[in-house]
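Printed here is protein04.pdb (PDB, C-alpha atoms):
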```pdb
ATOM      1  CA  MET A  23       0.000   0.000   0.000
ATOM      2  CA  PHE A  24       2.654   2.552   1.006
ATOM      3  CA  GLU A  25       4.527   1.932  -2.280
ATOM      4  CA  LEU A  26       1.787   3.727  -4.252
ATOM      5  CA  ILE A  27       1.730   6.801  -2.038
ATOM      6  CA  SER A  28       3.616   9.863  -3.219
ATOM      7  CA  ARG A  29       6.734  10.948  -1.380
ATOM      8  CA  SER A  30       6.901  14.236  -3.273
ATOM      9  CA  PRO A  31       5.929  17.210  -1.027
ATOM     10  CA  SER A  32       2.717  18.770  -2.329
ATOM     11  CA  ARG A  33       0.478  19.850   0.580
ATOM     12  CA  TYR A  34       1.010  22.771   2.968
ATOM     13  CA  TYR A  35       0.799  22.004   6.681
ATOM     14  CA  LEU A  36       0.723  24.428   9.644
ATOM     15  CA  ALA A  37       2.820  23.467  12.672
ATOM     16  CA  TYR A  38       2.055  25.412  15.850
ATOM     17  CA  GLY A  39       3.009  22.845  18.534
ATOM     18  CA  SER A  40       5.684  20.182  18.868
ATOM     19  CA  ASN A  41       6.193  20.089  15.090
ATOM     20  CA  LEU A  42       7.914  23.472  15.312
ATOM     21  CA  ASP A  43      10.971  21.391  16.225
ATOM     22  CA  MET A  44      12.896  20.740  12.991
ATOM     23  CA  GLU A  45      14.607  17.564  14.210
ATOM     24  CA  ARG A  46      11.407  15.943  15.484
ATOM     25  CA  MET A  47       9.509  16.897  12.363
ATOM     26  CA  GLY A  48      12.296  15.442  10.215
ATOM     27  CA  LYS A  49      11.951  12.109  12.010
ATOM     28  CA  ARG A  50       8.149  12.112  11.863
ATOM     29  CA  CYS A  51       7.882  13.201   8.231
ATOM     30  CA  PRO A  52      11.044  12.290   6.310
ATOM     31  CA  TYR A  53      10.003  13.935   3.011
ATOM     32  CA  ALA A  54       8.625  17.169   4.505
ATOM     33  CA  VAL A  55      10.231  20.467   3.531
ATOM     34  CA  VAL A  56       9.991  23.656   5.575
ATOM     35  CA  VAL A  57       8.605  26.500   3.444
ATOM     36  CA  GLY A  58       8.307  29.462   5.812
ATOM     37  CA  THR A  59       6.045  30.960   8.457
ATOM     38  CA  THR A  60       2.587  32.435   8.794
ATOM     39  CA  GLU A  61       0.093  33.721  11.339
ATOM     40  CA  ILE A  62      -3.250  31.982  11.912
ATOM     41  CA  MET A  63      -5.424  35.052  12.433
ATOM     42  CA  GLY A  64      -8.646  34.759  14.429
ATOM     43  CA  TYR A  65      -7.413  31.762  16.437
ATOM     44  CA  ARG A  66      -5.847  31.290  19.853
ATOM     45  CA  LEU A  67      -3.581  28.632  21.293
ATOM     46  CA  LEU A  68      -4.957  26.314  23.981
ATOM     47  CA  PHE A  69      -3.928  23.100  25.724
ATOM     48  CA  LYS A  70      -6.396  20.219  25.826
ATOM     49  CA  LYS A  71      -6.393  16.689  27.171
ATOM     50  CA  SER A  72      -5.985  13.569  25.107
ATOM     51  CA  LYS A  73      -5.240   9.991  26.123
ATOM     52  CA  THR A  74      -1.554  10.602  26.935
ATOM     53  CA  GLY A  75      -1.480  14.199  28.219
ATOM     54  CA  CYS A  76      -2.361  17.791  27.380
ATOM     55  CA  TYR A  77      -1.323  19.135  24.001
ATOM     56  CA  ALA A  78      -1.528  22.293  21.914
ATOM     57  CA  THR A  79      -4.530  23.055  19.773
ATOM     58  CA  ILE A  80      -6.117  26.133  18.251
ATOM     59  CA  GLU A  81      -9.613  27.518  18.649
ATOM     60  CA  GLN A  82     -11.423  30.440  17.045
ATOM     61  CA  ASP A  83     -10.968  33.792  18.781
ATOM     62  CA  ALA A  84     -11.315  36.978  16.734
ATOM     63  CA  ASN A  85      -8.891  38.868  18.996
ATOM     64  CA  GLU A  86      -5.961  36.433  18.837
ATOM     65  CA  SER A  87      -3.523  34.864  16.396
ATOM     66  CA  VAL A  88      -1.144  31.917  16.474
ATOM     67  CA  PRO A  89       2.233  31.854  14.702
ATOM     68  CA  ALA A  90       2.994  28.731  12.678
ATOM     69  CA  VAL A  91       5.715  27.133  10.604
ATOM     70  CA  VAL A  92       4.574  26.109   7.137
ATOM     71  CA  TRP A  93       5.786  22.721   5.918
ATOM     72  CA  LYS A  94       5.152  21.061   2.586
ATOM     73  CA  LEU A  95       4.178  17.417   3.104
ATOM     74  CA  SER A  96       4.047  14.432   0.802
ATOM     75  CA  GLU A  97       1.050  12.089   0.935
ATOM     76  CA  TYR A  98       3.296   9.641   2.767
ATOM     77  CA  ASP A  99       4.249  12.270   5.378
ATOM     78  CA  GLU A 100       0.610  13.210   5.856
ATOM     79  CA  LEU A 101      -0.336   9.595   6.586
ATOM     80  CA  LEU A 102       2.495   9.354   9.114
ATOM     81  CA  LEU A 103       1.407  12.633  10.706
ATOM     82  CA  ASP A 104      -2.240  11.501  10.832
ATOM     83  CA  ARG A 105      -1.124   8.505  12.868
ATOM     84  CA  TYR A 106       1.165  10.561  15.123
ATOM     85  CA  GLU A 107      -1.493  13.242  15.786
ATOM     86  CA  GLY A 108      -4.248  10.707  16.434
ATOM     87  CA  CYS A 109      -6.339  11.877  13.505
ATOM     88  CA  PRO A 110      -9.307  11.554  13.400
ATOM     89  CA  ARG A 111      -9.776  10.341  16.994
ATOM     90  CA  TYR A 112      -8.162  13.283  18.845
ATOM     91  CA  TYR A 113      -7.482  15.802  16.085
ATOM     92  CA  TYR A 114      -9.206  16.617  12.820
ATOM     93  CA  LYS A 115      -7.779  18.504   9.843
ATOM     94  CA  LYS A 116      -8.911  22.055   9.189
ATOM     95  CA  GLN A 117      -8.255  23.926   5.942
ATOM     96  CA  PHE A 118      -6.914  27.510   5.912
ATOM     97  CA  GLN A 119      -5.990  29.906   3.097
ATOM     98  CA  LEU A 120      -3.053  31.954   4.437
ATOM     99  CA  PRO A 121      -0.243  34.236   3.325
ATOM    100  CA  VAL A 122       3.167  32.616   3.779
ATOM    101  CA  TRP A 123       6.527  34.289   4.330
ATOM    102  CA  ASN A 124       9.425  32.249   2.954
ATOM    103  CA  LEU A 125      12.627  31.619   4.911
ATOM    104  CA  ASN A 126      14.131  34.841   3.517
ATOM    105  CA  GLY A 127      11.254  36.790   5.057
ATOM    106  CA  ASN A 128       9.560  37.594   1.747
ATOM    107  CA  ARG A 129       5.837  37.124   1.347
ATOM    108  CA  MET A 130       4.949  34.529  -1.286
ATOM    109  CA  LYS A 131       2.800  35.885  -4.110
ATOM    110  CA  LYS A 132      -0.355  33.885  -3.438
ATOM    111  CA  ALA A 133      -1.980  32.736  -0.205
ATOM    112  CA  LYS A 134      -1.506  28.998   0.235
ATOM    113  CA  PRO A 135      -4.120  26.352   1.068
ATOM    114  CA  CYS A 136      -2.841  24.860   4.345
ATOM    115  CA  ILE A 137      -4.059  22.195   6.720
ATOM    116  CA  ALA A 138      -3.738  22.266  10.492
ATOM    117  CA  TYR A 139      -4.553  19.586  13.023
ATOM    118  CA  VAL A 140      -7.150  20.864  15.516
ATOM    119  CA  MET A 141      -8.139  18.953  18.645
ATOM    120  CA  HIS A 142     -11.835  18.178  18.868
ATOM    121  CA  GLU A 143     -13.694  20.968  20.659
ATOM    122  CA  ASP A 144     -15.273  18.631  23.215
ATOM    123  CA  ARG A 145     -11.856  17.804  24.709
ATOM    124  CA  ARG A 146     -11.295  19.346  28.144
ATOM    125  CA  LEU A 147      -8.746  22.060  28.788
ATOM    126  CA  GLY A 148      -5.701  21.058  30.797
ATOM    127  CA  CYS A 149      -2.116  21.683  31.820
ATOM    128  CA  PRO A 150       0.729  20.427  29.604
ATOM    129  CA  ASP A 151       3.619  18.644  31.276
ATOM    130  CA  ALA A 152       6.859  20.575  31.723
ATOM    131  CA  GLU A 153       8.779  18.644  29.053
ATOM    132  CA  TYR A 154       6.151  19.324  26.384
ATOM    133  CA  PHE A 155       5.851  23.003  27.316
ATOM    134  CA  GLU A 156       9.642  23.379  27.172
ATOM    135  CA  LEU A 157       9.624  21.777  23.720
ATOM    136  CA  LEU A 158       7.111  24.376  22.533
ATOM    137  CA  GLN A 159       9.050  27.158  24.220
ATOM    138  CA  GLY A 160      12.169  26.005  22.332
ATOM    139  CA  GLY A 161      10.268  25.966  19.047
ATOM    140  CA  TYR A 162       8.909  29.456  19.662
ATOM    141  CA  SER A 163      12.411  30.707  20.481
ATOM    142  CA  ASP A 164      13.980  28.983  17.452
ATOM    143  CA  TRP A 165      11.450  30.584  15.104
ATOM    144  CA  GLU A 166      11.462  33.920  16.996
ATOM    145  CA  PHE A 167       7.731  33.659  17.697
ATOM    146  CA  PRO A 168       6.331  35.714  20.606
ATOM    147  CA  LEU A 169       6.377  33.697  23.847
ATOM    148  CA  ASP A 170       3.322  35.692  24.980
ATOM    149  CA  THR A 171       1.205  33.483  22.694
ATOM    150  CA  LEU A 172       2.284  30.423  24.718
ATOM    151  CA  LYS A 173       1.704  32.203  28.019
ATOM    152  CA  ARG A 174      -1.780  33.396  27.015
ATOM    153  CA  GLY A 175      -2.632  29.892  25.777
ATOM    154  CA  LEU A 176      -1.572  28.407  29.097
ATOM    155  CA  ALA A 177      -3.560  31.004  31.089
ATOM    156  CA  ALA A 178      -6.667  30.400  28.962
ATOM    157  CA  SER A 179      -6.320  26.656  29.565
ATOM    158  CA  ILE A 180      -5.604  26.469  33.301
ATOM    159  CA  GLY A 181      -6.460  29.936  34.654
ATOM    160  CA  ARG A 182      -4.292  32.995  35.145
ATOM    161  CA  ALA A 183      -3.182  32.309  38.740
ATOM    162  CA  GLU A 184      -2.258  28.684  38.009
ATOM    163  CA  ALA A 185      -0.421  29.768  34.835
ATOM    164  CA  ILE A 186       1.652  32.271  36.831
ATOM    165  CA  ARG A 187       2.674  29.531  39.292
ATOM    166  CA  TYR A 188       3.455  27.146  36.428
ATOM    167  CA  LEU A 189       5.557  29.728  34.570
ATOM    168  CA  LYS A 190       7.464  30.666  37.731
ATOM    169  CA  LYS A 191       8.281  27.003  38.211
ATOM    170  CA  GLN A 192       9.435  26.901  34.562
ATOM    171  CA  GLN A 193      11.393  30.146  35.162
ATOM    172  CA  MET A 194       9.508  31.914  32.361
ATOM    173  CA  MET A 195       8.218  34.819  34.464
TER     174      MET A 195
END
```
Would you write the structure of this file as structure tokens?
Amino acid sequence: MFELISRSPSRYYLAYGSNLDMERMGKRCPYAVVVGTTEIMGYRLLFKKSKTGCYATIEQDANESVPAVVWKLSEYDELLLDRYEGCPRYYYKKQFQLPVWNLNGNRMKKAKPCIAYVMHEDRRLGCPDAEYFELLQGGYSDWEFPLDTLKRGLAASIGRAEAIRYLKKQQMM
């Protein structure tokens, strides 16, 4: 079956969580190519529970935005990522049409049709473990994304007071 699936990157994918990490993404999706970055306008970052912990997701919010790395995936990579993300059980794929800035910082001529994995809305909010949060923090730093997005996502997921305690423990305050 896998022999007939294309390994040529052809579909744009938005990474806003652990797939910001180049090394991890390279292992998960061996044919994926990083294209650039974008901003998912009208969405906010949250952390929700799944079977193995609490993970990043996005949810509509007109007053927020979430930075993302844009990858180009092959069909093969997408199947691997579906399995890794728990799609369709925990996450579903949502389509976006977004402007993309290439790695030189130049805006590409046309907006690109991109997919993002979004955790089902009925999942409960929760607190990510320290290792996962540090992974996201590293990705945000590597891509020079604003850490405030992570902090606001944490506060919206576990409450402001609990987020302050968590971030102090993580030495992010």
- Task: Quote the spacing between atom CA of A:Pro110 and atom CA of A:Thr79 in Å to one decimal place.
- Result: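 That distance, rounded to one decimal, is 14.0 Å.
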- Item | Matched chain/residue IDs from the PyMOL selection byres ((chain A and resi 119) around 12), as a list in words |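 Given this file, the PyMOL selection byres ((chain A and resi 119) around 12) evaluates to Tyr34, Tyr35, Leu36, Thr60, Glu61, Ile62, Met63, Val92, Lys116, Gln117, Phe118, Leu120, Pro121, Val122, Lys132, Ala133, Lys134, Pro135, Cys136, Ile137 and Ala138 of chain A.
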- Message: Counting only C-alpha atoms, which residue out of A:Gly175, A:Met130, A:Glu166, A:Tyr77 sits closest to A:Glu153?
- Response: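 Nearest candidate to A:Glu153 out of A:Gly175, A:Met130, A:Glu166, A:Tyr77: A:Tyr77.
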- Item | Separation of atom CA of A:Phe69 from atom CA of A:Pro168, in Å and rounded to one decimal |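 These atoms are spaced 17.0 Å apart.
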- Between A:Lys73, A:Arg33, A:Lys94, A:Lys191, which has the minimum distance to A:Phe155 (counting only C-alpha atoms)?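 Using only C-alpha atoms, A:Phe155 sits closest to A:Lys191.
For the choices A:Trp93, A:Tyr112, A:Tyr38, A:Tyr65, the atom-to-atom distance to A:Gly161 is smallest for A:Tyr38 when using only C-alpha atoms.
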- Might you spell out which residues the PyMOL selection byres ((chain A and resi 51) around 9) would select in the displayed file, as a ChimeraX atom specification? /A:46-50,52-55,95-96,98-100,102-103
- Smallest atom-to-atom distance to A:Ser87: which of A:Tyr113, A:Trp123, A:Tyr154, A:Phe167, using only C-alpha atoms?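 Checking each of A:Tyr113, A:Trp123, A:Tyr154, A:Phe167 against A:Ser87, counting only C-alpha atoms, the winner is A:Phe167.
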